[in-house]
Structure formats: structure tokens, C-alpha cells
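Q: Input run-v8.cif, format and content: mmCIF, C-alpha atoms.
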data_my_file
#
loop_
_atom_site.label_atom_id
_atom_site.label_comp_id
_atom_site.auth_asym_id
_atom_site.auth_seq_id
_atom_site.Cartn_x
_atom_site.Cartn_y
_atom_site.Cartn_z
CA MET A 749 0.00 0.00 0.00
CA GLN A 750 2.87 2.31 0.88
CA ASP A 751 4.35 1.81 -2.60
CA VAL A 752 1.36 3.40 -4.39
CA VAL A 753 1.01 6.47 -2.17
CA VAL A 754 1.84 9.69 -4.13
CA PRO A 755 1.65 13.40 -3.26
CA VAL A 756 -1.54 15.21 -4.15
CA SER A 757 0.37 17.62 -6.42
CA ALA A 758 1.86 14.76 -8.42
CA PHE A 759 -1.53 13.14 -8.88
CA VAL A 760 -3.20 16.40 -9.90
CA HIS A 761 -0.35 17.10 -12.33
CA ASP A 762 -0.86 13.67 -13.93
CA LEU A 763 -4.61 14.34 -14.00
CA LYS A 764 -4.02 17.67 -15.76
CA ASN A 765 -1.85 16.04 -18.42
CA ALA A 766 -4.39 13.24 -18.93
CA VAL A 767 -7.41 15.55 -19.22
CA GLU A 768 -5.80 18.20 -21.41
CA GLY A 769 -4.17 15.55 -23.59
CA ALA A 770 -7.40 13.63 -24.04
CA PHE A 771 -9.63 16.56 -25.01
CA GLY A 772 -7.57 19.49 -26.23
CA PHE A 773 -9.90 21.81 -28.18
CA VAL A 774 -13.66 21.28 -27.88
CA ALA A 775 -16.88 23.03 -28.94
CA LEU A 776 -19.57 23.16 -26.22
CA ARG A 777 -23.15 24.38 -26.41
CA GLY A 778 -24.87 25.88 -23.39
CA GLU A 779 -26.33 28.90 -21.62
CA ILE A 780 -24.04 31.61 -20.27
CA THR A 781 -24.49 32.68 -16.63
CA ASN A 782 -22.41 34.46 -13.99
CA LEU A 783 -20.84 36.68 -16.65
CA THR A 784 -18.20 39.00 -15.18
CA ARG A 785 -15.66 41.33 -16.77
CA ALA A 786 -12.44 41.68 -14.78
CA TYR A 787 -10.42 44.87 -14.48
CA SER A 788 -7.68 43.16 -16.52
CA GLY A 789 -10.09 42.93 -19.48
CA HIS A 790 -10.63 39.15 -19.22
CA ILE A 791 -14.20 37.76 -19.26
CA TYR A 792 -15.26 34.93 -16.95
CA PHE A 793 -18.58 33.05 -17.13
CA THR A 794 -20.27 29.71 -16.58
CA LEU A 795 -21.61 27.61 -19.46
CA LYS A 796 -24.39 25.26 -18.41
CA ASP A 797 -27.26 23.11 -19.53
CA ASN A 798 -29.91 21.25 -17.50
CA ASP A 799 -27.51 18.65 -16.11
CA ALA A 800 -24.04 20.17 -15.86
CA GLN A 801 -21.92 23.31 -15.97
CA ILE A 802 -18.31 24.31 -16.58
CA LYS A 803 -16.34 27.45 -15.79
CA CYS A 804 -15.05 29.40 -18.80
CA ALA A 805 -12.54 32.18 -19.41
CA LEU A 806 -12.25 34.41 -22.47
CA PHE A 807 -8.96 36.25 -22.22
CA LYS A 808 -8.47 39.75 -23.56
CA ASN A 809 -6.22 38.76 -26.45
CA GLN A 810 -8.93 36.44 -27.84
CA GLN A 811 -11.79 38.92 -27.69
CA LYS A 812 -10.91 40.62 -31.01
CA MET A 813 -11.99 37.41 -32.78
CA ASN A 814 -15.50 37.65 -31.27
CA LYS A 815 -17.92 39.91 -33.13
CA ALA A 816 -21.12 38.94 -31.29
CA GLU A 817 -22.19 40.46 -27.97
CA ILE A 818 -21.82 38.10 -24.99
CA LYS A 819 -24.55 38.34 -22.33
CA ASN A 820 -26.16 36.30 -19.54
CA ASP A 821 -29.06 33.90 -20.02
CA ALA A 822 -28.44 33.39 -23.75
CA GLU A 823 -27.40 30.19 -25.54
CA TYR A 824 -23.95 30.11 -27.16
CA VAL A 825 -21.46 27.77 -28.72
CA VAL A 826 -18.06 28.14 -27.05
CA TYR A 827 -14.94 26.85 -28.77
CA GLY A 828 -11.74 26.48 -26.77
CA ARG A 829 -9.35 24.16 -24.98
CA ILE A 830 -9.74 22.31 -21.69
CA SER A 831 -7.37 23.42 -18.95
CA VAL A 832 -6.90 22.10 -15.40
CA TYR A 833 -5.94 24.65 -12.73
CA GLU A 834 -3.74 22.56 -10.43
CA PRO A 835 -3.87 24.55 -7.13
CA ARG A 836 -7.63 23.91 -6.83
CA THR A 837 -8.03 21.06 -9.32
CA GLU A 838 -10.52 23.15 -11.30
CA ILE A 839 -11.43 22.35 -14.88
CA THR A 840 -11.82 25.46 -17.05
CA LEU A 841 -12.71 25.95 -20.69
CA VAL A 842 -10.32 28.60 -22.03
CA ALA A 843 -12.41 30.05 -24.84
CA SER A 844 -11.10 31.11 -28.25
CA LEU A 845 -14.46 31.89 -29.85
CA VAL A 846 -17.95 32.55 -28.46
CA VAL A 847 -20.86 32.75 -30.92
CA PRO A 848 -24.64 32.68 -30.49
CA PHE A 849 -26.14 29.23 -31.00
CA GLY A 850 -27.67 28.96 -34.45
CA GLU A 851 -24.98 31.14 -35.96
CA GLY A 852 -22.12 29.36 -34.34
CA LEU A 853 -21.81 25.98 -36.03
CA ALA A 854 -20.44 27.20 -39.36
CA ALA A 855 -18.23 29.79 -37.65
CA MET A 856 -16.93 27.13 -35.28
CA GLN A 857 -16.10 24.75 -38.10
CA LEU A 858 -14.31 27.54 -39.96
CA LYS A 859 -12.38 28.47 -36.83
CA MET A 860 -11.30 24.86 -36.31
CA LEU A 861 -10.26 24.54 -39.96
CA LYS A 862 -8.21 27.74 -39.78
CA GLU A 863 -6.42 26.51 -36.66
CA LYS A 864 -5.76 23.13 -38.27
CA LEU A 865 -4.24 24.71 -41.38
CA TYR A 866 -2.27 27.18 -39.27
CA LYS A 867 -0.70 24.36 -37.26
CA GLU A 868 0.18 22.53 -40.48
CA GLY A 869 2.02 25.60 -41.78
CA VAL A 870 -0.34 26.30 -44.69
CA PHE A 871 -0.35 30.02 -43.81
CA ASP A 872 3.42 30.25 -43.21
CA GLN A 873 5.38 33.12 -44.73
CA SER A 874 7.59 30.61 -46.52
CA HIS A 875 4.76 29.97 -49.00
CA LYS A 876 4.41 33.63 -49.99
CA LYS A 877 5.85 34.67 -53.37
CA PRO A 878 6.92 38.21 -54.36
CA LEU A 879 5.02 40.16 -56.99
CA PRO A 880 6.70 40.91 -60.34
CA GLU A 881 7.76 44.53 -60.64
CA TYR A 882 6.36 45.03 -64.14
CA PRO A 883 3.93 42.19 -64.94
CA ALA A 884 3.35 41.63 -68.64
CA VAL A 885 0.58 39.03 -68.23
CA VAL A 886 -1.82 38.76 -65.26
CA GLY A 887 -4.25 35.89 -64.76
CA VAL A 888 -7.66 36.38 -63.16
CA VAL A 889 -9.97 33.75 -61.66
CA THR A 890 -13.49 35.16 -61.25
CA ALA A 891 -16.95 35.16 -62.80
CA GLU A 892 -16.93 35.98 -66.49
CA SER A 893 -19.85 38.39 -66.23
CA GLY A 894 -19.12 39.76 -62.75
CA ALA A 895 -18.05 43.24 -61.79
CA ALA A 896 -14.66 42.02 -60.57
CA ILE A 897 -13.11 41.45 -64.01
CA HIS A 898 -14.40 44.79 -65.28
CA ASP A 899 -12.91 46.60 -62.27
CA ILE A 900 -9.56 44.91 -62.80
CA ILE A 901 -9.50 45.76 -66.52
CA LYS A 902 -10.45 49.37 -65.79
CA VAL A 903 -7.64 49.83 -63.28
CA SER A 904 -5.08 48.07 -65.49
CA ARG A 905 -5.87 50.30 -68.48
CA LYS A 906 -5.46 53.37 -66.33
CA ARG A 907 -2.29 52.34 -64.56
CA PHE A 908 -0.39 49.96 -66.85
CA PRO A 909 -1.97 49.64 -70.32
CA ALA A 910 0.88 47.49 -71.65
CA ALA A 911 -0.13 44.52 -69.48
CA GLN A 912 -2.35 41.72 -70.75
CA ILE A 913 -5.12 40.09 -68.69
CA VAL A 914 -6.01 36.42 -69.08
CA LEU A 915 -9.40 35.48 -67.62
CA SER A 916 -10.02 31.93 -66.45
CA PRO A 917 -13.78 31.96 -65.71
CA ALA A 918 -15.10 30.28 -62.56
CA LEU A 919 -18.16 30.11 -60.36
CA VAL A 920 -17.65 32.32 -57.31
CA GLN A 921 -20.70 31.30 -55.29
CA GLY A 922 -22.69 28.15 -54.72
CA ARG A 923 -22.09 24.71 -53.27
CA ASP A 924 -19.34 23.49 -55.62
CA ALA A 925 -17.91 26.88 -56.54
CA HIS A 926 -14.57 26.06 -54.87
CA LEU A 927 -14.07 23.20 -57.34
CA SER A 928 -14.68 25.59 -60.24
CA ILE A 929 -12.19 28.07 -58.76
CA ILE A 930 -9.57 25.32 -58.36
CA ALA A 931 -10.05 24.17 -61.96
CA ALA A 932 -9.70 27.75 -63.25
CA LEU A 933 -6.57 28.24 -61.15
CA GLU A 934 -5.04 25.05 -62.58
CA LYS A 935 -5.48 26.36 -66.11
CA LEU A 936 -3.61 29.57 -65.33
CA SER A 937 -0.88 27.99 -63.24
CA VAL A 938 0.47 26.00 -66.23
CA LEU A 939 0.74 29.04 -68.51
CA ASP A 940 4.36 30.18 -68.47
CA GLU A 941 3.52 33.71 -69.58
CA VAL A 942 1.22 34.33 -66.59
CA GLU A 943 3.29 35.98 -63.84
CA VAL A 944 0.70 36.59 -61.11
CA ILE A 945 -2.90 35.47 -60.48
CA ILE A 946 -5.86 37.28 -58.89
CA ILE A 947 -8.62 35.17 -57.31
CA GLY A 948 -11.68 37.11 -56.25
CA ARG A 949 -15.16 38.45 -56.62
CA GLY A 950 -17.10 41.59 -55.87
CA GLY A 951 -19.18 42.17 -52.77
CA GLY A 952 -21.70 39.66 -51.46
CA SER A 953 -23.27 38.14 -48.39
CA LYS A 954 -21.43 36.26 -45.68
CA GLU A 955 -22.54 32.98 -47.22
CA ASP A 956 -20.88 33.98 -50.49
CA LEU A 957 -17.51 33.58 -48.79
CA GLU A 958 -17.92 29.80 -48.46
CA PRO A 959 -16.05 28.85 -51.70
CA PHE A 960 -13.06 30.87 -50.52
CA ASN A 961 -12.89 28.99 -47.20
CA SER A 962 -12.05 25.69 -48.90
CA GLU A 963 -9.17 23.64 -47.49
CA GLU A 964 -8.53 22.14 -50.92
CA LEU A 965 -8.29 25.59 -52.50
CA ALA A 966 -5.86 26.74 -49.81
CA ARG A 967 -3.54 23.81 -50.43
CA ARG A 968 -3.63 24.38 -54.20
CA VAL A 969 -2.82 28.06 -53.69
CA ILE A 970 0.36 27.39 -51.69
CA ALA A 971 1.39 24.71 -54.21
CA CYS A 972 1.15 27.19 -57.11
CA GLU A 973 4.55 28.52 -58.22
CA LYS A 974 3.08 31.92 -59.07
CA PRO A 975 2.11 34.58 -56.51
CA ILE A 976 -1.64 34.69 -55.86
CA VAL A 977 -3.56 37.75 -54.70
CA SER A 978 -6.83 37.17 -52.83
CA ALA A 979 -9.47 39.82 -53.58
CA VAL A 980 -12.74 38.45 -52.24
CA GLY A 981 -14.43 41.77 -51.61
CA HIS A 982 -15.01 41.65 -47.83
CA GLU A 983 -13.24 43.94 -45.43
CA THR A 984 -14.55 42.54 -42.12
CA ASP A 985 -14.13 38.79 -42.71
CA THR A 986 -10.85 36.99 -43.30
CA THR A 987 -11.17 33.92 -45.52
CA ILE A 988 -8.86 30.93 -45.67
CA LEU A 989 -7.88 32.08 -49.17
CA ASP A 990 -6.80 35.43 -47.69
CA LEU A 991 -4.50 33.63 -45.25
CA ALA A 992 -3.04 31.21 -47.81
CA ALA A 993 -2.49 33.71 -50.64
CA SER A 994 0.76 35.61 -51.08
CA PHE A 995 -1.17 38.89 -50.76
CA SER A 996 -4.69 39.76 -49.59
CA VAL A 997 -6.67 42.91 -50.38
CA ALA A 998 -10.26 44.00 -49.83
CA THR A 999 -11.47 44.30 -53.44
CA PRO A 1000 -10.58 43.32 -57.01
CA SER A 1001 -9.82 46.98 -57.73
CA ALA A 1002 -7.39 47.03 -54.82
CA ALA A 1003 -5.73 43.89 -56.23
CA ALA A 1004 -5.23 45.63 -59.57
CA GLU A 1005 -3.84 48.70 -57.77
CA LEU A 1006 -1.41 46.42 -55.95
CA ILE A 1007 -0.23 44.48 -59.02
CA PHE A 1008 -0.16 47.04 -61.81
CA PRO A 1009 2.46 49.78 -61.46
CA ASP A 1010 1.42 53.34 -62.28
CA SER A 1011 2.85 54.01 -65.75
CA THR A 1012 2.48 57.79 -65.26
CA GLU A 1013 4.55 57.57 -62.10
CA ILE A 1014 7.07 55.34 -63.86
CA LEU A 1015 7.44 57.89 -66.66
CA GLN A 1016 7.82 60.72 -64.16
CA ASN A 1017 10.42 58.78 -62.20
CA THR A 1018 12.22 57.88 -65.42
CA LYS A 1019 12.21 61.51 -66.56
CA HIS A 1020 13.47 62.60 -63.16
CA THR A 1021 16.23 60.01 -63.31
CA VAL A 1022 17.19 61.03 -66.87
CA ASP A 1023 17.27 64.70 -65.81
CA LEU A 1024 19.51 63.88 -62.87
CA MET A 1025 21.81 61.83 -65.10
CA ARG A 1026 21.91 64.63 -67.67
CA LYS A 1027 22.81 67.20 -65.02
CA GLU A 1028 25.41 64.92 -63.56
CA THR A 1029 26.89 64.22 -66.99
CA GLU A 1030 26.94 67.92 -67.85
CA GLY A 1031 28.67 68.63 -64.56
CA ILE A 1032 31.31 66.00 -65.25
CA LEU A 1033 31.88 67.28 -68.79
CA PHE A 1034 32.16 70.88 -67.59
CA SER A 1035 34.71 69.84 -64.98
CA LYS A 1036 36.73 67.88 -67.56
CA PHE A 1037 36.64 70.81 -70.02
CA MET A 1038 37.90 73.11 -67.27
CA GLN A 1039 40.74 70.71 -66.56
CA LEU A 1040 41.54 70.54 -70.28
CA ASP A 1041 41.59 74.35 -70.54
CA ASN A 1042 43.91 74.58 -67.54
CA LEU A 1043 46.22 72.00 -69.05
CA THR A 1044 46.18 73.81 -72.40
CA LEU A 1045 47.07 77.10 -70.74
CA SER A 1046 49.84 75.48 -68.76
CA LEU A 1047 51.51 74.05 -71.89
CA LYS A 1048 54.55 76.01 -73.22
CA ASN A 1049 55.45 76.75 -76.84
CA PRO A 1050 57.33 73.73 -78.28
CA ARG A 1051 60.19 76.00 -79.48
CA GLU A 1052 60.55 77.36 -75.96
CA ILE A 1053 60.64 73.86 -74.59
CA ILE A 1054 63.29 72.80 -77.16
CA ASN A 1055 65.41 75.90 -76.50
CA SER A 1056 65.15 75.29 -72.78
CA ILE A 1057 66.25 71.68 -73.24
CA LEU A 1058 69.16 72.75 -75.52
CA HIS A 1059 70.20 75.32 -72.98
CA ASP A 1060 70.11 72.77 -70.21
CA THR A 1061 72.05 70.34 -72.43
CA GLU A 1062 74.75 72.88 -73.21
CA ARG A 1063 75.05 73.78 -69.56
CA LEU A 1064 75.38 70.16 -68.62
CA MET A 1065 77.93 69.52 -71.40
CA PHE A 1066 80.00 72.51 -70.26
CA LYS A 1067 79.84 71.31 -66.73
CA ALA A 1068 80.74 67.77 -67.83
CA GLU A 1069 83.67 69.06 -69.92
CA LYS A 1070 84.98 71.07 -66.98
CA ILE A 1071 84.75 68.09 -64.76
CA LEU A 1072 86.50 65.91 -67.34
CA LYS A 1073 89.43 68.38 -67.62
CA GLU A 1074 89.82 68.39 -63.88
CA ILE A 1075 89.81 64.60 -63.83
CA ILE A 1076 92.34 64.36 -66.73
CA ASN A 1077 94.69 66.89 -65.11
CA ARG A 1078 94.47 65.14 -61.79
CA LYS A 1079 95.06 61.73 -63.32
CA SER A 1080 97.99 63.11 -65.45
CA ALA A 1081 99.61 64.48 -62.32
CA GLU A 1082 99.07 61.19 -60.56
CA LEU A 1083 100.57 59.32 -63.58
CA SER A 1084 103.63 61.60 -63.67
CA ASP A 1085 104.15 61.14 -59.98
CA LEU A 1086 103.82 57.40 -60.41
CA GLU A 1087 106.40 57.41 -63.25
CA LYS A 1088 108.87 59.24 -61.03
CA ARG A 1089 108.30 56.79 -58.24
CA LEU A 1090 108.75 53.86 -60.63
CA GLU A 1091 111.92 55.42 -61.97
CA THR A 1092 113.43 55.56 -58.50
CA VAL A 1093 112.75 51.90 -57.91
CA ASN A 1094 113.68 50.75 -61.48
CA PRO A 1095 116.63 48.32 -61.18
CA LEU A 1096 117.96 49.46 -64.59
CA SER A 1097 118.33 53.10 -63.59
CA PRO A 1098 121.86 52.60 -62.11
CA LEU A 1099 123.05 51.22 -65.48
CA GLN A 1100 122.63 54.71 -66.95
CA ARG A 1101 125.15 55.96 -64.39
CA GLY A 1102 127.88 53.41 -65.42
CA PHE A 1103 126.95 50.46 -63.34
CA ALA A 1104 126.46 46.90 -64.73
CA ILE A 1105 124.44 43.83 -63.72
CA VAL A 1106 125.95 40.35 -63.81
CA SER A 1107 123.57 37.44 -64.22
CA GLN A 1108 124.21 33.72 -64.52
CA ASN A 1109 121.70 30.93 -65.08
CA GLY A 1110 118.86 33.48 -65.07
CA LYS A 1111 119.82 34.88 -61.63
CA THR A 1112 121.49 38.14 -60.70
CA VAL A 1113 124.96 37.62 -59.22
CA LYS A 1114 125.23 39.98 -56.28
CA LYS A 1115 128.54 38.67 -54.83
CA SER A 1116 131.76 37.38 -56.47
CA VAL A 1117 131.55 34.12 -54.59
CA GLU A 1118 128.21 33.43 -56.28
CA LEU A 1119 129.81 33.47 -59.76
CA GLU A 1120 130.65 30.07 -61.23
CA PRO A 1121 133.79 30.53 -63.38
CA ALA A 1122 133.16 27.41 -65.42
CA SER A 1123 129.70 28.51 -66.53
CA PRO A 1124 128.79 31.27 -69.05
CA PHE A 1125 127.41 34.52 -67.56
CA GLU A 1126 126.04 37.83 -68.84
CA ILE A 1127 127.00 41.43 -68.14
CA ARG A 1128 124.26 44.05 -68.74
CA PHE A 1129 125.29 47.67 -69.34
CA GLY A 1130 123.15 50.73 -69.88
CA ASP A 1131 123.49 50.49 -73.63
CA GLY A 1132 123.45 46.68 -74.08
CA LYS A 1133 124.67 43.36 -72.77
CA VAL A 1134 127.72 41.07 -73.25
CA GLU A 1135 127.70 37.32 -72.87
CA ILE A 1136 130.91 35.72 -71.49
CA LYS A 1137 131.53 32.12 -72.36
CA GLU A 1138 134.35 29.75 -71.53
#
Take the structure from the file and write it as C-alpha cells.
A:
Amino acid sequence: MQDVVVPVSAFVHDLKNAVEGAFGFVALRGEITNLTRAYSGHIYFTLKDNDAQIKCALFKNQQKMNKAEIKNDAEYVVYGRISVYEPRTEITLVASLVVPFGEGLAAMQLKMLKEKLYKEGVFDQSHKKPLPEYPAVVGVVTAESGAAIHDIIKVSRKRFPAAQIVLSPALVQGRDAHLSIIAALEKLSVLDEVEVIIIGRGGGSKEDLEPFNSEELARRVIACEKPIVSAVGHETDTTILDLAASFSVATPSAAAELIFPDSTEILQNTKHTVDLMRKETEGILFSKFMQLDNLTLSLKNPREIINSILHDTERLMFKAEKILKEIINRKSAELSDLEKRLETVNPLSPLQRGFAIVSQNGKTVKKSVELEPASPFEIRFGDGKVEIKE
């Protein structure tokens, strides 16, 4: 028994995980009572029927999704998630949407579908494609005889007459209208020349939005390689197509305004750019001409330049000649001095004064004992030499 005893907090925590994991989001029908509005902006109430009741909370950040007035003693459908408040083990329905019963079923289903697609990433930014800057061909999916196509054509002719519009007719209201819209979209998506596609219709009732809340249409829109603009014609309601498309606007005319650039503005901008470029070019040319004039004025007469060079050359030659004379005189003096020095050390100089040199066997005989009487020897005088043989 001791082995299965657990703290209350642990049990309640497990209970919370079990309850919230088992139910998640639910849609409950009942009568609202005990309605209170807290200072924080949150709304608290009880939803009950004849046999049971549950506490509910509609937090401030969720109230913008609720268009209908919420009041006591009226029957509503409340869509939200089950939450267990652990400190008191209270089960609360945290509401996301509260709608009057009778109106609420379709709205609830749409809300659940939107949340499903949101969680699957169908509305992610990664699926959005950029619009072409200057579209040549624009595809349109709408009724052939409706006001939407005429509004789009009118705006395109005013803003960007060069563009072409390709209409792929479709039903835009009725039970199977979403299938017609998908088929029309398929036809445009395979045309290489079509750069962007508008899907829309003019104004209509709330029920007319049903074809544009199709899950199948949403998935086909994000699979299309071309950017798609949703222009359903309702400002207060957001359709699934609006969320899945690359861009969403209130009307077909607004879609055309978004897609087609204003040719008048383009021409004005182009003219402005050309004017700026012209002024800039003229400024550059003027500056270069000024530089050229300054260079021209700074140039000397060729004859003056030649005379200046000749003068410099003559001056340099005179200077070089003077330098050369100094070098020659100095070197001549050095040579003369060297000759005198060589003369003093020349072994033949004494011969001119009456001396003689005796040599034997290629060697100079400096002493009489070095002379070999039996061998020939040579006596060199200042004016010649005599060989003495045996």
C-alpha cells in the first residue's frame, strides 16, 4: 500500500496532463451565466445546460476574434481548450471563440479549420511569393460576367496599359464553386507567360464567402509557383484564401492597384532620373573641359621647350667638360708622380750611371763568390749586354 502512495500535487499534475491531452480543443453548447468582466479585461462566465456546468474564461487577447455580444441567459457555442488549474483542481474551458447558438456551427467549423491549417504551416510566410515589378501578363480567376473582371480591366488600363489580362472563368458562389475556382486556377498555373494570379469576386453576403474557405483551394494556392492575390471583396471577414495567398486585399480593384504599377509615375520617375543623369553628366563634362583648358594654358610653346632643353644640355655639357678636364689633369699628375716613383725603384736606372748587372743561369749575381767561373754569364750595361763564355 505504501508503494502506491503519491503526493496530491503529483496526482493532480498527472490528472491535468491526462485531461488536457485527451480533449484538447472542444466546442460546447450551453447557456451563459455568472458573466463578469475583470479589471484586466478578461471575461469569466459559466456555461451550463440542464444537467451540468463548466467554468469558462475568455482572455483579452482572444476577444478581437468575437464579433457577437456576450450576455447572460443566452445560448452560445463556445470553442476552446480544456485546462486544469492545479492549485484547486478546477477544470476550465479557455475560450477562443464565443458565438450565439444557431450562428455558431459554421463559424466554429471555420475556426477549427483555420487553426488546423495554421498548425500545419499552410499560412506560413515561406509559401508567400513576391510580386513581379512590371507584370506583362496577369491571370484572373473570377466570374466571367461579374463586376470584378471589369474593375480589374479598368484599373489596369489606367495604370499599366501594356499589361495583358487572361481570364479563367469560374463560379464564385454556390455549393461546388470552390471546385470551379480550383479548376480555373489550374489552367492559369500551367501558362508560363502568366506571372501573377488574382482570385476574387465583388461584394456579397457572408454565405458567399464559403467557396473561398475551402481547405482544398488553400492547399492548391500554396502549391502554385506563381504569386496569388486574394481579392474576395469583404473587409470585415478573413477567408482561408486570404490567409493562404501571397497577398490579400479587400477588393478586385485594390488587387489591380497592388499588381499594376502606375505608368504615369514610372514615366515621371524615369524623366526625373534622366534629368539627374543629364545634369550629372553635364557637370562632369564641364569639370573635364575646365581641366583641359587649364592643361592647355599650362603648356609652353614647343620651341621654348626645345630651346630650354638645348640650354640645359649645353650647360650640362659645359659642366661635364669642366669636370673631365679636372679629372684628366688630376690623373695626369698622378701618372707623372707614379712614373717618377717607378723610376726611382727601377733596377735598370743605375746602369745609366755606369753600373752593370751580372747574371748567370737566369739569376742576378750579387757577390763574387756566387759566380761560377766554369759557366757562361752575362754582363748588362746601360746600352746593351755582353755574354761571357768559356
Q: Let me have the centre and edge lengths in Å, one decimal, of the box along x, y and z around every listed atom of segment 1069-1081 of chain A with 3 Å of margin on each side, as JSON.
A:
{"center_x": 91.6, "center_y": 66.4, "center_z": -65.9, "size_x": 21.9, "size_y": 15.3, "size_z": 14.1}
Q: Using only C-alpha atoms for the distances, tell me which of A:Pro755, A:Gly772, A:Pro1124, A:Pro1000 is nearest to Val903 of chain A.
A: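 Closest to Val903 of chain A of all the choices is A:Pro1000.
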Q: Between atom CA of Ile897 of chain A and atom CA of Gly952 of chain A, what is the distance in Å, rounded to a tenth?
A: 15.3 Å
Q: Translate the PyMOL selection byres ((chain A and resi 916-932) around 7) into a concrete residue list for this structure, as a PyMOL selection string.
A: chain A and resi 888-892+914-915+933-936+949+956+959-960+962+965
Q: As a list in words, please: the residues near Asp872 of chain A (cut-off 10 Å, all atoms listed in the file, same-chain neighbours under 3 positions excluded).
A: Leu865, Tyr866, Lys867, Glu868, Gly869, His875, Lys876, Ile970, Leu991, Ala992 and Ser994 of chain A
Q: I need every residue sitting at most 8 Å from the point (-14.7, 33.0, -21.8) (coordinates as in the file, all atoms listed in the file considered), written as a ChimeraX atom specification.
A: /A:790-793,804-807,826,841-844,846
Q: Keeping only C-alpha atoms, write the selected residues as a PDB file, keeping the file's coordinate frame.
A:
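Heads up, here's the output in selection.pdb:
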ATOM      1  CA  HIS A 790     -10.630  39.150 -19.220  1.00  0.00           C
ATOM      2  CA  ILE A 791     -14.200  37.760 -19.260  1.00  0.00           C
ATOM      3  CA  TYR A 792     -15.260  34.930 -16.950  1.00  0.00           C
ATOM      4  CA  PHE A 793     -18.580  33.050 -17.130  1.00  0.00           C
ATOM      5  CA  CYS A 804     -15.050  29.400 -18.800  1.00  0.00           C
ATOM      6  CA  ALA A 805     -12.540  32.180 -19.410  1.00  0.00           C
ATOM      7  CA  LEU A 806     -12.250  34.410 -22.470  1.00  0.00           C
ATOM      8  CA  PHE A 807      -8.960  36.250 -22.220  1.00  0.00           C
ATOM      9  CA  VAL A 826     -18.060  28.140 -27.050  1.00  0.00           C
ATOM     10  CA  LEU A 841     -12.710  25.950 -20.690  1.00  0.00           C
ATOM     11  CA  VAL A 842     -10.320  28.600 -22.030  1.00  0.00           C
ATOM     12  CA  ALA A 843     -12.410  30.050 -24.840  1.00  0.00           C
ATOM     13  CA  SER A 844     -11.100  31.110 -28.250  1.00  0.00           C
ATOM     14  CA  VAL A 846     -17.950  32.550 -28.460  1.00  0.00           C
TER      15      VAL A 846
END
Q: Step by step: start from the point (-5.8, 43.9, -56.8) in the file's coordinates, keep every protein, DNA or RNA residue that has an atom no farther than 8 Å from it, count all atoms listed in the file, and write the set as a list in words.
A: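 Within the cut-off we find Ile900, Ile946, Val977, Ser978, Ala979, Val997, Thr999, Pro1000, Ser1001, Ala1002, Ala1003, Ala1004, Glu1005, Leu1006 and Ile1007 of chain A.
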Q: Identify which of the residues A:Ile1032, A:Ala966, A:Ile947, A:Ala758 lies closest to Pro835 of chain A, counting only C-alpha atoms when measuring atom-to-atom distances.
A: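 Counting only C-alpha atoms, the residue closest to Pro835 of chain A is A:Ala758.
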Q: When the PyMOL selection byres ((chain A and resi 767) around 12) is applied to the structure above, which residues does it catch, written out as an NGL selection string?
A: :A and (760-766 or 768-773 or 829-834 or 837-841)
Q: Just want the 12 Å neighbourhood of Pro1009 of chain A, counted on all atoms listed in the file, with same-chain residues fewer than 2 positions away dropped. Output as a ChimeraX atom specification.
A: /A:879-884,903-911,1003-1007,1011-1015
Q: Would you mind exporting C-alpha atoms of the selected residues as a PDB file, in the coordinates of the input?
A:
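Just written: again_30.pdb:
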ATOM      1  CA  LEU A 879       5.020  40.160 -56.990  1.00  0.00           C
ATOM      2  CA  PRO A 880       6.700  40.910 -60.340  1.00  0.00           C
ATOM      3  CA  GLU A 881       7.760  44.530 -60.640  1.00  0.00           C
ATOM      4  CA  TYR A 882       6.360  45.030 -64.140  1.00  0.00           C
ATOM      5  CA  PRO A 883       3.930  42.190 -64.940  1.00  0.00           C
ATOM      6  CA  ALA A 884       3.350  41.630 -68.640  1.00  0.00           C
ATOM      7  CA  VAL A 903      -7.640  49.830 -63.280  1.00  0.00           C
ATOM      8  CA  SER A 904      -5.080  48.070 -65.490  1.00  0.00           C
ATOM      9  CA  ARG A 905      -5.870  50.300 -68.480  1.00  0.00           C
ATOM     10  CA  LYS A 906      -5.460  53.370 -66.330  1.00  0.00           C
ATOM     11  CA  ARG A 907      -2.290  52.340 -64.560  1.00  0.00           C
ATOM     12  CA  PHE A 908      -0.390  49.960 -66.850  1.00  0.00           C
ATOM     13  CA  PRO A 909      -1.970  49.640 -70.320  1.00  0.00           C
ATOM     14  CA  ALA A 910       0.880  47.490 -71.650  1.00  0.00           C
ATOM     15  CA  ALA A 911      -0.130  44.520 -69.480  1.00  0.00           C
ATOM     16  CA  ALA A1003      -5.730  43.890 -56.230  1.00  0.00           C
ATOM     17  CA  ALA A1004      -5.230  45.630 -59.570  1.00  0.00           C
ATOM     18  CA  GLU A1005      -3.840  48.700 -57.770  1.00  0.00           C
ATOM     19  CA  LEU A1006      -1.410  46.420 -55.950  1.00  0.00           C
ATOM     20  CA  ILE A1007      -0.230  44.480 -59.020  1.00  0.00           C
ATOM     21  CA  SER A1011       2.850  54.010 -65.750  1.00  0.00           C
ATOM     22  CA  THR A1012       2.480  57.790 -65.260  1.00  0.00           C
ATOM     23  CA  GLU A1013       4.550  57.570 -62.100  1.00  0.00           C
ATOM     24  CA  ILE A1014       7.070  55.340 -63.860  1.00  0.00           C
ATOM     25  CA  LEU A1015       7.440  57.890 -66.660  1.00  0.00           C
TER      26      LEU A1015
END
Q: Could I get segment 1027-1033 of chain A rebuilt with N, CA, C and O atoms, written as a compact mmCIF listing (two decimals), in the frame of the given file?
A:
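rebuild-v5.txt written:
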# COMPACT_ATOMS: atom_id res chain seq x y z
N LYS A 1027 22.13 66.16 -65.80
CA LYS A 1027 22.81 67.20 -65.02
C LYS A 1027 24.16 66.70 -64.51
O LYS A 1027 25.15 67.43 -64.53
N GLU A 1028 24.16 65.48 -64.06
CA GLU A 1028 25.41 64.92 -63.56
C GLU A 1028 26.44 64.80 -64.68
O GLU A 1028 27.62 65.12 -64.48
N THR A 1029 25.98 64.35 -65.85
CA THR A 1029 26.89 64.22 -66.99
C THR A 1029 27.42 65.58 -67.43
O THR A 1029 28.61 65.74 -67.72
N GLU A 1030 26.51 66.57 -67.47
CA GLU A 1030 26.94 67.92 -67.85
C GLU A 1030 27.96 68.46 -66.86
O GLU A 1030 28.94 69.13 -67.24
N GLY A 1031 27.73 68.18 -65.57
CA GLY A 1031 28.67 68.63 -64.56
C GLY A 1031 30.04 68.00 -64.73
O GLY A 1031 31.08 68.67 -64.61
N ILE A 1032 30.04 66.71 -65.04
CA ILE A 1032 31.31 66.00 -65.25
C ILE A 1032 32.03 66.55 -66.47
O ILE A 1032 33.25 66.81 -66.44
N LEU A 1033 31.27 66.74 -67.57
CA LEU A 1033 31.88 67.28 -68.79
C LEU A 1033 32.44 68.68 -68.57
O LEU A 1033 33.54 69.01 -69.04
